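Shown next: protein26.txt, containing compact mmCIF, C-alpha atoms.
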# COMPACT_ATOMS: atom_id res chain seq x y z
CA MET L 805 12.43 -9.99 -32.24
CA SER L 806 11.31 -6.41 -31.55
CA LEU L 807 13.54 -3.97 -29.69
CA ARG L 808 11.17 -4.09 -26.71
CA GLU L 809 11.42 -7.88 -26.49
CA GLY L 810 15.16 -7.53 -25.88
CA LEU L 811 14.74 -5.23 -22.88
CA PRO L 812 15.61 -6.49 -19.39
CA ARG L 813 12.81 -7.47 -17.02
CA PHE L 814 11.86 -5.57 -13.90
CA LEU L 815 10.24 -8.32 -11.81
CA PHE L 816 7.70 -7.34 -9.15
CA VAL L 817 7.07 -10.07 -6.57
CA LEU L 818 3.88 -10.29 -4.48
CA PRO L 819 2.47 -12.88 -2.06
CA TRP L 820 -0.99 -12.61 -3.64
CA ASP L 821 -2.76 -11.77 -6.91
CA LEU L 822 -2.73 -8.16 -8.02
CA ASN L 823 -6.49 -8.07 -8.58
CA HIS L 824 -7.19 -8.10 -4.82
CA LEU L 825 -8.19 -4.87 -3.09
CA GLY L 826 -5.54 -3.08 -1.02
CA GLY L 827 -2.94 -0.35 -0.94
CA VAL L 828 0.03 -2.63 -1.63
CA ASN L 829 -1.57 -3.78 -4.86
CA GLN L 830 -2.21 -0.19 -5.90
CA VAL L 831 1.49 0.57 -5.39
CA VAL L 832 2.67 -2.44 -7.40
CA GLY L 833 0.10 -1.88 -10.14
CA ASN L 834 1.20 1.72 -10.61
CA LEU L 835 4.92 0.90 -10.55
CA TYR L 836 4.29 -1.86 -13.12
CA ARG L 837 2.52 0.64 -15.36
CA GLN L 838 5.36 3.15 -15.05
CA ALA L 839 7.90 0.48 -16.00
CA GLN L 840 5.71 -0.49 -18.93
CA GLU L 841 5.59 3.08 -20.20
CA THR L 842 9.37 3.44 -20.35
CA ASP L 843 11.65 2.27 -23.16
CA ARG L 844 13.97 0.59 -20.66
CA TRP L 845 12.00 -2.31 -19.17
CA ARG L 846 9.60 -5.13 -19.79
CA PRO L 847 7.92 -5.48 -16.40
CA MET L 848 6.71 -8.83 -15.12
CA LEU L 849 4.78 -9.89 -12.04
CA LEU L 850 5.55 -12.97 -9.94
CA VAL L 851 2.86 -14.21 -7.54
CA SER L 852 3.74 -16.70 -4.82
CA ASN L 853 1.32 -19.58 -5.25
CA TRP L 854 1.67 -22.95 -3.54
CA ALA L 855 -0.20 -24.76 -6.32
CA HIS L 856 2.66 -24.15 -8.79
CA PRO L 857 6.00 -25.83 -7.94
CA LYS L 858 6.94 -24.97 -11.53
CA PRO L 859 6.18 -21.56 -13.05
CA ALA L 860 2.81 -21.09 -14.74
CA TYR L 861 2.26 -17.99 -16.88
CA GLN L 862 -0.80 -15.89 -17.64
CA GLU L 863 -1.61 -12.49 -19.07
CA VAL L 864 -3.73 -10.87 -16.36
CA GLU L 865 -5.24 -7.50 -17.29
CA GLY L 866 -2.34 -6.84 -19.66
CA ARG L 867 0.34 -7.89 -17.16
CA THR L 868 2.69 -10.80 -17.74
CA THR L 869 2.20 -12.83 -14.56
CA ALA L 870 4.09 -15.88 -13.34
CA TYR L 871 2.76 -18.13 -10.56
CA VAL L 872 5.30 -20.18 -8.68
CA ARG L 873 5.73 -21.73 -5.25
CA LEU L 874 7.99 -19.71 -2.96
CA ARG L 875 8.76 -21.74 0.13
CA SER L 876 9.45 -20.03 3.48
CA PRO L 877 12.09 -21.42 5.86
CA TRP L 878 9.92 -20.60 8.87
CA SER L 879 6.43 -21.32 10.15
CA LYS L 880 5.19 -20.19 13.55
CA SER L 881 3.19 -23.38 14.04
CA ARG L 882 5.90 -25.82 12.87
CA PRO L 883 9.17 -23.87 12.68
CA TRP L 884 11.70 -26.70 12.49
CA LYS L 885 9.63 -28.76 10.08
CA ALA L 886 9.41 -25.72 7.79
CA LEU L 887 13.17 -25.14 7.99
CA ILE L 888 14.02 -28.78 7.24
CA SER L 889 11.57 -28.83 4.34
CA PHE L 890 13.05 -25.58 3.00
CA LEU L 891 16.57 -26.99 3.09
CA ILE L 892 15.55 -30.30 1.48
CA HIS L 893 13.75 -28.58 -1.40
CA MET L 894 16.21 -25.68 -1.74
CA PRO L 895 18.34 -27.09 -4.60
CA SER L 896 15.37 -27.76 -6.89
CA ALA L 897 13.55 -24.58 -5.86
CA LEU L 898 16.58 -22.39 -6.52
CA ASN L 899 17.17 -24.08 -9.84
CA THR L 900 13.56 -23.37 -10.83
CA LEU L 901 14.02 -19.70 -9.95
CA ARG L 902 17.35 -19.56 -11.77
CA LYS L 903 15.85 -20.90 -14.98
CA MET L 904 12.91 -18.52 -14.80
CA LEU L 905 15.00 -15.41 -14.13
CA THR L 906 17.48 -16.35 -16.85
CA GLU L 907 14.84 -17.24 -19.44
CA HIS L 908 13.06 -13.92 -18.94
CA ASN L 909 16.20 -11.78 -18.74
CA VAL L 910 15.32 -10.47 -15.26
CA SER L 911 17.64 -7.71 -14.10
CA ILE L 912 15.81 -6.41 -11.02
CA VAL L 913 13.80 -8.45 -8.50
CA ASN L 914 11.62 -6.12 -6.44
CA ILE L 915 9.82 -7.95 -3.63
CA HIS L 916 6.80 -6.17 -2.13
CA TYR L 917 5.38 -7.03 1.28
CA PRO L 918 8.32 -9.41 1.82
CA SER L 919 8.17 -12.60 3.83
CA LEU L 920 11.04 -14.91 4.67
CA ALA L 921 10.34 -16.67 1.37
CA ALA L 922 12.32 -13.80 -0.17
CA LEU L 923 15.47 -15.54 1.10
CA SER L 924 15.22 -17.79 -1.96
CA PHE L 925 16.19 -14.85 -4.18
CA THR L 926 19.08 -13.65 -2.03
CA LEU L 927 20.38 -17.21 -1.64
CA LEU L 928 20.21 -17.71 -5.40
CA ARG L 929 22.22 -14.55 -5.90
CA ALA L 930 24.75 -15.60 -3.21
CA PHE L 931 25.28 -18.92 -5.02
CA GLY L 932 25.87 -17.14 -8.34
CA GLY L 933 22.59 -18.17 -9.95
CA PHE L 934 21.40 -14.59 -10.40
CA ARG L 935 23.54 -11.57 -11.22
CA GLY L 936 20.86 -8.90 -10.96
CA LYS L 937 19.72 -6.91 -7.94
CA VAL L 938 17.28 -7.83 -5.19
CA MET L 939 15.23 -5.00 -3.67
CA LEU L 940 12.79 -5.31 -0.74
CA SER L 941 9.83 -2.90 -0.50
CA PHE L 942 8.11 -2.61 2.88
CA HIS L 943 4.63 -1.16 3.30
CA GLY L 944 3.82 -1.23 7.02
CA THR L 945 2.51 -4.33 8.76
CA ASP L 946 5.08 -6.50 6.95
CA ILE L 947 8.07 -4.93 8.72
CA THR L 948 6.05 -4.41 11.91
CA HIS L 949 5.45 -8.15 12.14
CA ALA L 950 9.11 -8.84 11.35
CA SER L 951 10.24 -6.48 14.12
CA GLU L 952 8.13 -8.40 16.65
CA THR L 953 9.91 -11.71 16.02
CA SER L 954 12.59 -13.25 18.19
CA GLY L 955 15.22 -16.00 18.20
CA VAL L 956 15.93 -17.86 14.97
CA GLU L 957 13.09 -16.16 13.11
CA ARG L 958 14.46 -12.72 13.95
CA TRP L 959 17.94 -13.84 12.85
CA MET L 960 16.45 -14.92 9.51
CA TRP L 961 14.83 -11.52 9.02
CA ARG L 962 18.08 -9.71 9.74
CA THR L 963 19.85 -12.05 7.33
CA LEU L 964 17.31 -11.21 4.63
CA LEU L 965 17.73 -7.47 5.16
CA ARG L 966 21.53 -7.73 5.13
CA SER L 967 21.54 -9.82 1.95
CA ALA L 968 19.32 -7.48 -0.07
CA ASP L 969 20.93 -4.90 -2.36
CA ALA L 970 18.45 -2.21 -1.39
CA ILE L 971 15.49 -1.71 0.92
CA VAL L 972 12.59 0.63 0.20
CA SER L 973 10.52 2.29 2.90
CA CYS L 974 7.47 4.34 1.93
CA SER L 975 7.90 6.76 4.85
CA ALA L 976 10.52 8.06 7.27
CA ALA L 977 8.59 6.57 10.18
CA LEU L 978 8.69 3.12 8.59
CA LYS L 979 12.41 3.46 7.95
CA GLN L 980 12.94 3.76 11.70
CA THR L 981 11.20 0.40 12.20
CA ILE L 982 13.45 -1.21 9.58
CA THR L 983 16.67 0.19 11.01
CA ALA L 984 15.65 -0.74 14.56
CA LEU L 985 15.50 -4.36 13.39
CA ALA L 986 18.77 -4.20 11.45
CA PRO L 987 20.79 -1.05 12.31
CA GLU L 988 23.66 -2.19 10.09
CA CYS L 989 21.36 -1.86 7.06
CA GLU L 990 20.56 1.83 7.50
CA HIS L 991 22.82 2.81 4.60
CA LYS L 992 20.81 0.72 2.13
CA VAL L 993 17.32 1.93 3.16
CA ARG L 994 15.80 4.53 0.85
CA ILE L 995 12.55 6.40 1.47
CA ILE L 996 10.41 6.35 -1.68
CA GLN L 997 7.02 7.83 -0.99
CA ASN L 998 3.92 6.60 -2.74
CA GLY L 999 2.47 8.63 -5.56
CA LEU L 1000 -0.67 9.24 -7.54
CA ASP L 1001 -1.22 9.55 -11.27
CA VAL L 1002 -4.20 11.89 -11.13
CA GLU L 1003 -5.08 11.57 -14.82
CA TRP L 1004 -4.94 7.77 -14.73
CA PHE L 1005 -6.87 7.63 -11.45
CA ARG L 1006 -9.68 9.70 -12.94
CA ALA L 1007 -9.57 7.75 -16.20
CA GLN L 1008 -10.40 4.57 -14.24
CA TRP L 1009 -13.39 6.27 -12.60
CA ASP L 1010 -16.65 4.40 -13.14
CA ARG L 1011 -18.83 7.45 -13.73
CA ALA L 1012 -21.89 5.29 -14.26
CA PHE L 1013 -21.83 4.55 -10.54
CA ALA L 1014 -23.97 6.92 -8.46
CA LEU L 1015 -24.52 7.32 -4.75
CA GLU L 1016 -27.89 6.35 -3.39
CA PRO L 1017 -30.21 9.40 -3.26
CA GLU L 1018 -30.38 9.35 0.55
CA LEU L 1019 -26.62 9.92 0.70
CA ALA L 1020 -26.09 12.10 -2.37
CA SER L 1021 -28.23 14.88 -0.92
CA ARG L 1022 -26.40 15.10 2.43
CA ARG L 1023 -23.10 16.39 3.77
CA TYR L 1024 -20.80 13.63 4.89
CA ILE L 1025 -17.44 12.85 6.45
CA LEU L 1026 -15.66 10.14 4.45
CA ASN L 1027 -13.29 7.45 5.70
CA ILE L 1028 -11.73 4.78 3.49
CA GLY L 1029 -9.82 1.80 4.84
CA THR L 1030 -10.12 -1.90 5.52
CA PHE L 1031 -12.19 -2.58 8.63
CA LEU L 1032 -9.32 -3.32 11.01
CA HIS L 1033 -8.48 -2.18 14.54
CA ILE L 1034 -5.40 -0.27 13.35
CA LYS L 1035 -7.54 1.78 10.96
CA GLY L 1036 -9.32 3.38 13.93
CA GLN L 1037 -12.84 3.60 12.55
CA ASP L 1038 -14.06 3.11 16.14
CA ILE L 1039 -12.26 6.32 17.11
CA LEU L 1040 -13.94 8.16 14.24
CA LEU L 1041 -17.35 6.85 15.29
CA GLU L 1042 -16.77 8.19 18.80
CA ALA L 1043 -15.65 11.56 17.41
CA PHE L 1044 -18.72 11.67 15.18
CA ARG L 1045 -20.96 10.94 18.19
CA ARG L 1046 -19.48 14.00 19.91
CA ILE L 1047 -20.34 16.40 17.08
CA ALA L 1048 -23.44 14.77 15.57
CA GLY L 1049 -25.83 16.92 17.59
CA GLU L 1050 -24.23 20.15 16.34
CA PHE L 1051 -24.58 19.13 12.69
CA PRO L 1052 -27.96 17.38 12.26
CA ASP L 1053 -27.59 17.23 8.47
CA LEU L 1054 -24.18 15.50 8.66
CA VAL L 1055 -23.62 11.76 8.11
CA LEU L 1056 -20.60 9.47 8.26
CA VAL L 1057 -19.55 7.24 5.35
CA LEU L 1058 -17.19 4.32 5.97
CA VAL L 1059 -15.85 2.57 2.85
CA GLY L 1060 -13.52 -0.38 3.14
CA GLY L 1061 -12.57 -3.98 2.63
CA ALA L 1062 -14.33 -6.54 4.80
CA GLY L 1063 -12.42 -7.00 8.02
CA PRO L 1064 -12.77 -8.33 11.56
CA THR L 1065 -14.06 -5.08 13.09
CA LEU L 1066 -16.95 -4.51 10.67
CA ALA L 1067 -19.68 -6.12 12.82
CA GLU L 1068 -18.37 -4.39 15.94
CA LEU L 1069 -18.45 -1.01 14.21
CA LYS L 1070 -22.02 -1.49 13.05
CA GLU L 1071 -23.02 -2.41 16.61
CA LYS L 1072 -21.23 0.66 17.97
CA ALA L 1073 -23.11 2.90 15.54
CA ARG L 1074 -26.39 1.31 16.63
CA LYS L 1075 -25.66 1.71 20.35
CA ASN L 1076 -24.73 5.35 19.84
CA GLY L 1077 -28.00 6.03 18.06
CA LEU L 1078 -26.13 6.73 14.81
CA GLU L 1079 -27.30 3.74 12.80
CA GLU L 1080 -29.35 5.91 10.44
CA ARG L 1081 -26.50 8.39 10.04
CA THR L 1082 -23.65 5.95 9.44
CA PHE L 1083 -23.30 4.37 5.99
CA PHE L 1084 -21.12 1.29 5.49
CA TYR L 1085 -19.87 0.28 2.03
CA VAL L 1086 -17.90 -2.97 1.87
CA ASP L 1087 -15.49 -4.18 -0.83
CA VAL L 1088 -16.30 -1.35 -3.23
CA PRO L 1089 -14.34 -1.66 -6.52
CA HIS L 1090 -11.58 0.93 -6.67
CA SER L 1091 -13.05 2.35 -9.88
CA ARG L 1092 -16.03 3.59 -7.83
CA ILE L 1093 -14.09 5.18 -4.98
CA ALA L 1094 -13.74 8.52 -6.78
CA THR L 1095 -17.52 9.03 -6.60
CA PHE L 1096 -17.31 9.01 -2.80
CA TYR L 1097 -14.47 11.55 -2.85
CA GLU L 1098 -16.37 13.77 -5.25
CA HIS L 1099 -19.34 14.28 -2.94
CA ALA L 1100 -17.58 14.28 0.47
CA ARG L 1101 -17.33 17.39 2.61
CA VAL L 1102 -14.33 16.26 4.72
CA PHE L 1103 -12.02 13.25 4.54
CA CYS L 1104 -10.87 11.69 7.80
CA LEU L 1105 -8.19 9.06 8.36
CA SER L 1106 -8.31 8.07 12.03
CA SER L 1107 -5.74 5.25 11.92
CA ARG L 1108 -3.77 4.12 14.93
CA ARG L 1109 -0.89 3.18 12.62
CA GLU L 1110 -0.11 3.86 8.95
CA ALA L 1111 2.82 3.73 6.55
CA PHE L 1112 2.16 6.23 3.74
CA PRO L 1113 -1.60 6.27 3.09
CA LEU L 1114 -2.58 6.34 -0.57
CA VAL L 1115 -6.08 7.46 0.39
CA LEU L 1116 -4.67 10.79 1.57
CA LEU L 1117 -3.20 11.37 -1.89
CA GLU L 1118 -6.48 10.42 -3.55
CA ALA L 1119 -8.54 12.63 -1.24
CA GLY L 1120 -6.03 15.43 -1.71
CA SER L 1121 -6.33 15.17 -5.49
CA PHE L 1122 -10.02 16.09 -5.08
CA GLY L 1123 -9.14 19.12 -2.97
CA LEU L 1124 -10.86 17.66 0.08
CA PRO L 1125 -10.14 19.11 3.53
CA ILE L 1126 -8.41 16.36 5.52
CA VAL L 1127 -8.14 15.43 9.17
CA ALA L 1128 -5.65 12.62 9.80
CA SER L 1129 -3.94 10.90 12.69
CA ASN L 1130 -0.40 12.13 13.16
CA VAL L 1131 1.15 8.73 12.42
CA GLY L 1132 3.46 7.17 9.84
CA GLY L 1133 3.77 9.09 6.61
CA ALA L 1134 0.79 11.41 7.22
CA PRO L 1135 2.95 14.30 8.52
CA GLU L 1136 5.26 13.82 5.54
CA LEU L 1137 2.34 14.82 3.32
CA ILE L 1138 0.25 17.13 5.51
CA SER L 1139 1.54 20.27 7.19
CA GLU L 1140 -0.64 20.93 10.24
CA GLY L 1141 -2.91 23.91 9.75
CA GLU L 1142 -1.52 24.63 6.29
CA ASP L 1143 -2.96 21.96 4.00
CA GLY L 1144 -4.79 19.76 6.51
CA ARG L 1145 -5.21 18.92 10.17
CA LEU L 1146 -3.20 16.38 12.17
CA VAL L 1147 -4.39 15.00 15.50
CA PRO L 1148 -2.89 12.55 18.02
CA PRO L 1149 -3.83 8.94 17.23
CA GLY L 1150 -6.45 7.29 19.42
CA ASN L 1151 -7.85 10.62 20.63
CA PRO L 1152 -11.54 11.05 19.71
CA VAL L 1153 -11.76 14.40 21.55
CA ALA L 1154 -9.00 15.97 19.45
CA LEU L 1155 -10.43 14.36 16.32
CA ALA L 1156 -13.91 15.75 17.02
CA SER L 1157 -12.46 19.21 17.62
CA ALA L 1158 -10.54 19.24 14.32
CA LEU L 1159 -13.57 18.00 12.38
CA ARG L 1160 -15.75 20.64 14.03
CA ASP L 1161 -13.30 23.39 13.03
CA LEU L 1162 -13.32 22.37 9.37
CA LEU L 1163 -17.11 22.00 9.27
CA LEU L 1164 -17.68 25.43 10.84
CA ASP L 1165 -15.13 27.33 8.73
CA GLU L 1166 -15.74 26.09 5.19
CA ARG L 1167 -13.64 28.82 3.59
CA ALA L 1168 -10.53 27.85 5.56
CA ALA L 1169 -11.25 24.17 4.96
CA LEU L 1170 -11.50 24.63 1.20
CA ALA L 1171 -8.27 26.66 1.15
CA MET L 1172 -6.47 23.81 2.93
CA GLY L 1173 -7.88 21.35 0.42
CA GLU L 1174 -6.72 23.45 -2.53
CA ARG L 1175 -3.19 23.73 -1.15
CA LEU L 1176 -3.00 19.98 -0.61
CA GLN L 1177 -4.35 19.38 -4.11
CA SER L 1178 -1.49 21.42 -5.58
CA LYS L 1179 1.08 19.57 -3.47
CA VAL L 1180 -0.21 16.14 -4.49
CA THR L 1181 -0.36 17.02 -8.18
CA GLU L 1182 3.09 18.59 -8.32
CA HIS L 1183 5.19 16.46 -5.98
CA PHE L 1184 3.63 13.02 -5.48
CA THR L 1185 3.64 11.21 -8.80
CA TRP L 1186 4.29 7.56 -9.68
CA GLU L 1187 6.72 8.68 -12.40
CA ARG L 1188 8.84 10.28 -9.68
CA SER L 1189 8.56 7.20 -7.47
CA PHE L 1190 9.62 4.76 -10.19
CA ARG L 1191 12.52 6.99 -11.19
CA GLN L 1192 13.74 6.73 -7.59
CA TYR L 1193 13.48 2.94 -7.80
CA GLU L 1194 15.68 3.00 -10.88
CA GLN L 1195 18.21 5.28 -9.19
CA LEU L 1196 18.30 3.00 -6.15
CA ALA L 1197 19.04 0.07 -8.44
CA GLY L 1198 21.93 2.03 -9.93
CA ILE L 1199 20.12 2.69 -13.21
CA GLU L 1200 20.69 6.14 -14.64
CA ARG L 1201 17.78 7.42 -16.65
CA ARG L 1202 18.60 8.53 -20.17
CA PRO L 1203 17.55 12.09 -21.04

Just dump the structure as structure tokens.
Amino acid sequence: MSLREGLPRFLFVLPWDLNHLGGVNQVVGNLYRQAQETDRWRPMLLVSNWAHPKPAYQEVEGRTTAYVRLRSPWSKSRPWKALISFLIHMPSALNTLRKMLTEHNVSIVNIHYPSLAALSFTLLRAFGGFRGKVMLSFHGTDITHASETSGVERWMWRTLLRSADAIVSCSAALKQTITALAPECEHKVRIIQNGLDVEWFRAQWDRAFALEPELASRRYILNIGTFLHIKGQDILLEAFRRIAGEFPDLVLVLVGGAGPTLAELKEKARKNGLEERTFFYVDVPHSRIATFYEHARVFCLSSRREAFPLVLLEAGSFGLPIVASNVGGAPELISEGEDGRLVPPGNPVALASALRDLLLDERAALAMGERLQSKVTEHFTWERSFRQYEQLAGIERRP
């Protein structure tokens, strides 16, 4: 057995496969890679999958991945049936988890985008079947949904938070949501901001991909985010309508995962007479995103709600001038007027004004972008983030 084979496992738990698009997957993928690059861990990924009552293992893009059924004690449609089923199957389910964690020498269980199915891990630890640590990592809508629950379901969420060893929030704003749900857990919540490995990000860049000629030759405002109401692309479209006449050469580029607002946004662009000046790109592979950053003039994140947006780090790494809604973790990255612009969420007038300022004063805009680029490169790295995870777990890093 090699020395590496004897290392403890750092287990990352997700409710879906890691190859899906999305910010949560980017976080987990980068933390996995950081763990893999150390001499202290053998990382492993666990994906909740109903088709596997017993663990099934695969190597997926170089990651050891286990698929296993994680049963939740609650269902909004059939709450009591779910609870009874959870209790009936709990002995065998916990035994399955115990065997898996023991066999693979798991020391840390880090659950990302937690659901109430995470109670299986804290129950197993309470019954003495696991002696490692259980950490919950929240990313935004997960804890928002939890905070909107009531009755027995809310009690279950508070029980989960109280039974975890540590809770990770990616921003100070998100921490407030967590502690509002369970004030007694404030002492165990740690803010660990997302990071960016600039060299790795650029190494994944598909440089064979090129923008269509019609777009490559024009100035454009770039927005990246799944087409959802909370992402506020409708607000950006309204802001763009307000300044489009002043900048006839300017176009708007919206890149994102397919979502429920996509058709509505396309119709809004058509009604505003901006159909020919608004470009939609859906489900673009992440390896091609850098090409859009490279050619953009301004990056805009017009979200109504955010946690700690990775796209701001990516845009910042390209030195792009940024206008962002003053929500979530955005003000923890951007200092208004210094290395970007922050505007009130849901305000297309303020958004249009900030975009206009950056487009008219290119020298000031570029200076802001350069300052943000330095901040991202120096202070927001995945190595730093993973080191904080280790410290939170009580692991001291060897020099």

Within 9 Å of region 1112-1119 of chain L, counting all atoms listed in the file, which residues qualify if same-chain residues fewer than 5 places away don't, as a CSV table (one decimal) with C-alpha atoms, keeping the file's coordinate frame?
chain,number,residue,atom,x,y,z
L,827,GLY,CA,-2.9,-0.4,-0.9
L,830,GLN,CA,-2.2,-0.2,-5.9
L,831,VAL,CA,1.5,0.6,-5.4
L,943,HIS,CA,4.6,-1.2,3.3
L,944,GLY,CA,3.8,-1.2,7.0
L,974,CYS,CA,7.5,4.3,1.9
L,975,SER,CA,7.9,6.8,4.8
L,978,LEU,CA,8.7,3.1,8.6
L,997,GLN,CA,7.0,7.8,-1.0
L,998,ASN,CA,3.9,6.6,-2.7
L,999,GLY,CA,2.5,8.6,-5.6
L,1000,LEU,CA,-0.7,9.2,-7.5
L,1002,VAL,CA,-4.2,11.9,-11.1
L,1005,PHE,CA,-6.9,7.6,-11.4
L,1027,ASN,CA,-13.3,7.4,5.7
L,1028,ILE,CA,-11.7,4.8,3.5
L,1029,GLY,CA,-9.8,1.8,4.8
L,1094,ALA,CA,-13.7,8.5,-6.8
L,1097,TYR,CA,-14.5,11.6,-2.8
L,1098,GLU,CA,-16.4,13.8,-5.2
L,1103,PHE,CA,-12.0,13.2,4.5
L,1104,CYS,CA,-10.9,11.7,7.8
L,1105,LEU,CA,-8.2,9.1,8.4
L,1124,LEU,CA,-10.9,17.7,0.1
L,1125,PRO,CA,-10.1,19.1,3.5
L,1126,ILE,CA,-8.4,16.4,5.5
L,1128,ALA,CA,-5.6,12.6,9.8
L,1132,GLY,CA,3.5,7.2,9.8
L,1133,GLY,CA,3.8,9.1,6.6
L,1134,ALA,CA,0.8,11.4,7.2
L,1136,GLU,CA,5.3,13.8,5.5
L,1137,LEU,CA,2.3,14.8,3.3
L,1138,ILE,CA,0.2,17.1,5.5
L,1173,GLY,CA,-7.9,21.4,0.4
L,1176,LEU,CA,-3.0,20.0,-0.6
L,1177,GLN,CA,-4.4,19.4,-4.1
L,1180,VAL,CA,-0.2,16.1,-4.5
L,1181,THR,CA,-0.4,17.0,-8.2
L,1184,PHE,CA,3.6,13.0,-5.5

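CA of Glu865 (chain L) is positioned 13.1 Å from CA of Gln840 (chain L).
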
Nearest residue to Ile996 (chain L) from the set L:Val1055, L:Ile1047, L:Ala1014, L:Ala976 (distances using only C-alpha atoms):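 Using only C-alpha atoms, the shortest distance to Ile996 (chain L) belongs to L:Ala976.
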
Interatomic distance, CA of Phe1096 (chain L) to CA of Asp1165 (chain L) (Å, one decimal): 21.8 Å

Among the residues L:Ala968, L:Leu1026, L:Ala1073, L:Ile912, the one that comes closest to Met848 (chain L) [using only C-alpha atoms]: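 The answer is L:Ile912, which sits nearest to Met848 (chain L).
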
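Across L:Arg1108, L:His908, L:Arg837, L:Arg1175, the tightest approach to Phe1190 (chain L) is made by L:Arg837 when counting all atoms listed in the file.
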
Of the listed residues L:Ser1129, L:Ser1189, L:Ser919, L:Ser876, that which approaches Leu818 (chain L) most closely, counting all atoms listed in the file: L:Ser919

Between CA of Val1059 (chain L) and CA of Thr948 (chain L), distance in Å (one decimal):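 Answer for the CA of Val1059 (chain L) to CA of Thr948 (chain L) separation: 24.7 Å.
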
Protein, DNA and RNA residues within 12 Å of (18.6, 1.4, -9.3), all atoms listed in the file, as a PyMOL selection string: chain L and resi 814+911-914+936-939+969-972+992+994+1189-1201

Create the file for the chosen residues now, containing C-alpha atoms and written as a PDB file, in the frame of the given file.
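Okay, again_7.pdb is ready:
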ATOM      1  CA  PHE L 814      11.860  -5.570 -13.900  1.00  0.00           C
ATOM      2  CA  SER L 911      17.640  -7.710 -14.100  1.00  0.00           C
ATOM      3  CA  ILE L 912      15.810  -6.410 -11.020  1.00  0.00           C
ATOM      4  CA  VAL L 913      13.800  -8.450  -8.500  1.00  0.00           C
ATOM      5  CA  ASN L 914      11.620  -6.120  -6.440  1.00  0.00           C
ATOM      6  CA  GLY L 936      20.860  -8.900 -10.960  1.00  0.00           C
ATOM      7  CA  LYS L 937      19.720  -6.910  -7.940  1.00  0.00           C
ATOM      8  CA  VAL L 938      17.280  -7.830  -5.190  1.00  0.00           C
ATOM      9  CA  MET L 939      15.230  -5.000  -3.670  1.00  0.00           C
ATOM     10  CA  ASP L 969      20.930  -4.900  -2.360  1.00  0.00           C
ATOM     11  CA  ALA L 970      18.450  -2.210  -1.390  1.00  0.00           C
ATOM     12  CA  ILE L 971      15.490  -1.710   0.920  1.00  0.00           C
ATOM     13  CA  VAL L 972      12.590   0.630   0.200  1.00  0.00           C
ATOM     14  CA  LYS L 992      20.810   0.720   2.130  1.00  0.00           C
ATOM     15  CA  ARG L 994      15.800   4.530   0.850  1.00  0.00           C
ATOM     16  CA  SER L1189       8.560   7.200  -7.470  1.00  0.00           C
ATOM     17  CA  PHE L1190       9.620   4.760 -10.190  1.00  0.00           C
ATOM     18  CA  ARG L1191      12.520   6.990 -11.190  1.00  0.00           C
ATOM     19  CA  GLN L1192      13.740   6.730  -7.590  1.00  0.00           C
ATOM     20  CA  TYR L1193      13.480   2.940  -7.800  1.00  0.00           C
ATOM     21  CA  GLU L1194      15.680   3.000 -10.880  1.00  0.00           C
ATOM     22  CA  GLN L1195      18.210   5.280  -9.190  1.00  0.00           C
ATOM     23  CA  LEU L1196      18.300   3.000  -6.150  1.00  0.00           C
ATOM     24  CA  ALA L1197      19.040   0.070  -8.440  1.00  0.00           C
ATOM     25  CA  GLY L1198      21.930   2.030  -9.930  1.00  0.00           C
ATOM     26  CA  ILE L1199      20.120   2.690 -13.210  1.00  0.00           C
ATOM     27  CA  GLU L1200      20.690   6.140 -14.640  1.00  0.00           C
ATOM     28  CA  ARG L1201      17.780   7.420 -16.650  1.00  0.00           C
TER      29      ARG L1201
END

Answer as a PyMOL selection string, residues within 12 Å of (-0.8, -11.1, -15.7) using all atoms listed in the file: chain L and resi 816+821-823+833+836+847-851+860-871

Could the residues in this selection be written to a file with C-alpha atoms, as an mmCIF file, in the frame of the given file?
data_model
loop_
_atom_site.group_PDB
_atom_site.id
_atom_site.type_symbol
_atom_site.label_atom_id
_atom_site.label_comp_id
_atom_site.auth_asym_id
_atom_site.auth_seq_id
_atom_site.Cartn_x
_atom_site.Cartn_y
_atom_site.Cartn_z
ATOM 1 C CA PHE L 816 7.700 -7.340 -9.150
ATOM 2 C CA ASP L 821 -2.760 -11.770 -6.910
ATOM 3 C CA LEU L 822 -2.730 -8.160 -8.020
ATOM 4 C CA ASN L 823 -6.490 -8.070 -8.580
ATOM 5 C CA GLY L 833 0.100 -1.880 -10.140
ATOM 6 C CA TYR L 836 4.290 -1.860 -13.120
ATOM 7 C CA PRO L 847 7.920 -5.480 -16.400
ATOM 8 C CA MET L 848 6.710 -8.830 -15.120
ATOM 9 C CA LEU L 849 4.780 -9.890 -12.040
ATOM 10 C CA LEU L 850 5.550 -12.970 -9.940
ATOM 11 C CA VAL L 851 2.860 -14.210 -7.540
ATOM 12 C CA ALA L 860 2.810 -21.090 -14.740
ATOM 13 C CA TYR L 861 2.260 -17.990 -16.880
ATOM 14 C CA GLN L 862 -0.800 -15.890 -17.640
ATOM 15 C CA GLU L 863 -1.610 -12.490 -19.070
ATOM 16 C CA VAL L 864 -3.730 -10.870 -16.360
ATOM 17 C CA GLU L 865 -5.240 -7.500 -17.290
ATOM 18 C CA GLY L 866 -2.340 -6.840 -19.660
ATOM 19 C CA ARG L 867 0.340 -7.890 -17.160
ATOM 20 C CA THR L 868 2.690 -10.800 -17.740
ATOM 21 C CA THR L 869 2.200 -12.830 -14.560
ATOM 22 C CA ALA L 870 4.090 -15.880 -13.340
ATOM 23 C CA TYR L 871 2.760 -18.130 -10.560
#

Test item: residues at most 10 Å from Trp1009 (chain L), all atoms listed in the file, excluding those fewer than 6 positions along its chain, as a CSV table (one decimal) with C-alpha atoms, in the coordinates of the input:
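Below you can see result_26.csv, which holds the result:
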chain,number,residue,atom,x,y,z
L,1090,HIS,CA,-11.6,0.9,-6.7
L,1091,SER,CA,-13.0,2.4,-9.9
L,1092,ARG,CA,-16.0,3.6,-7.8
L,1093,ILE,CA,-14.1,5.2,-5.0
L,1094,ALA,CA,-13.7,8.5,-6.8
L,1095,THR,CA,-17.5,9.0,-6.6
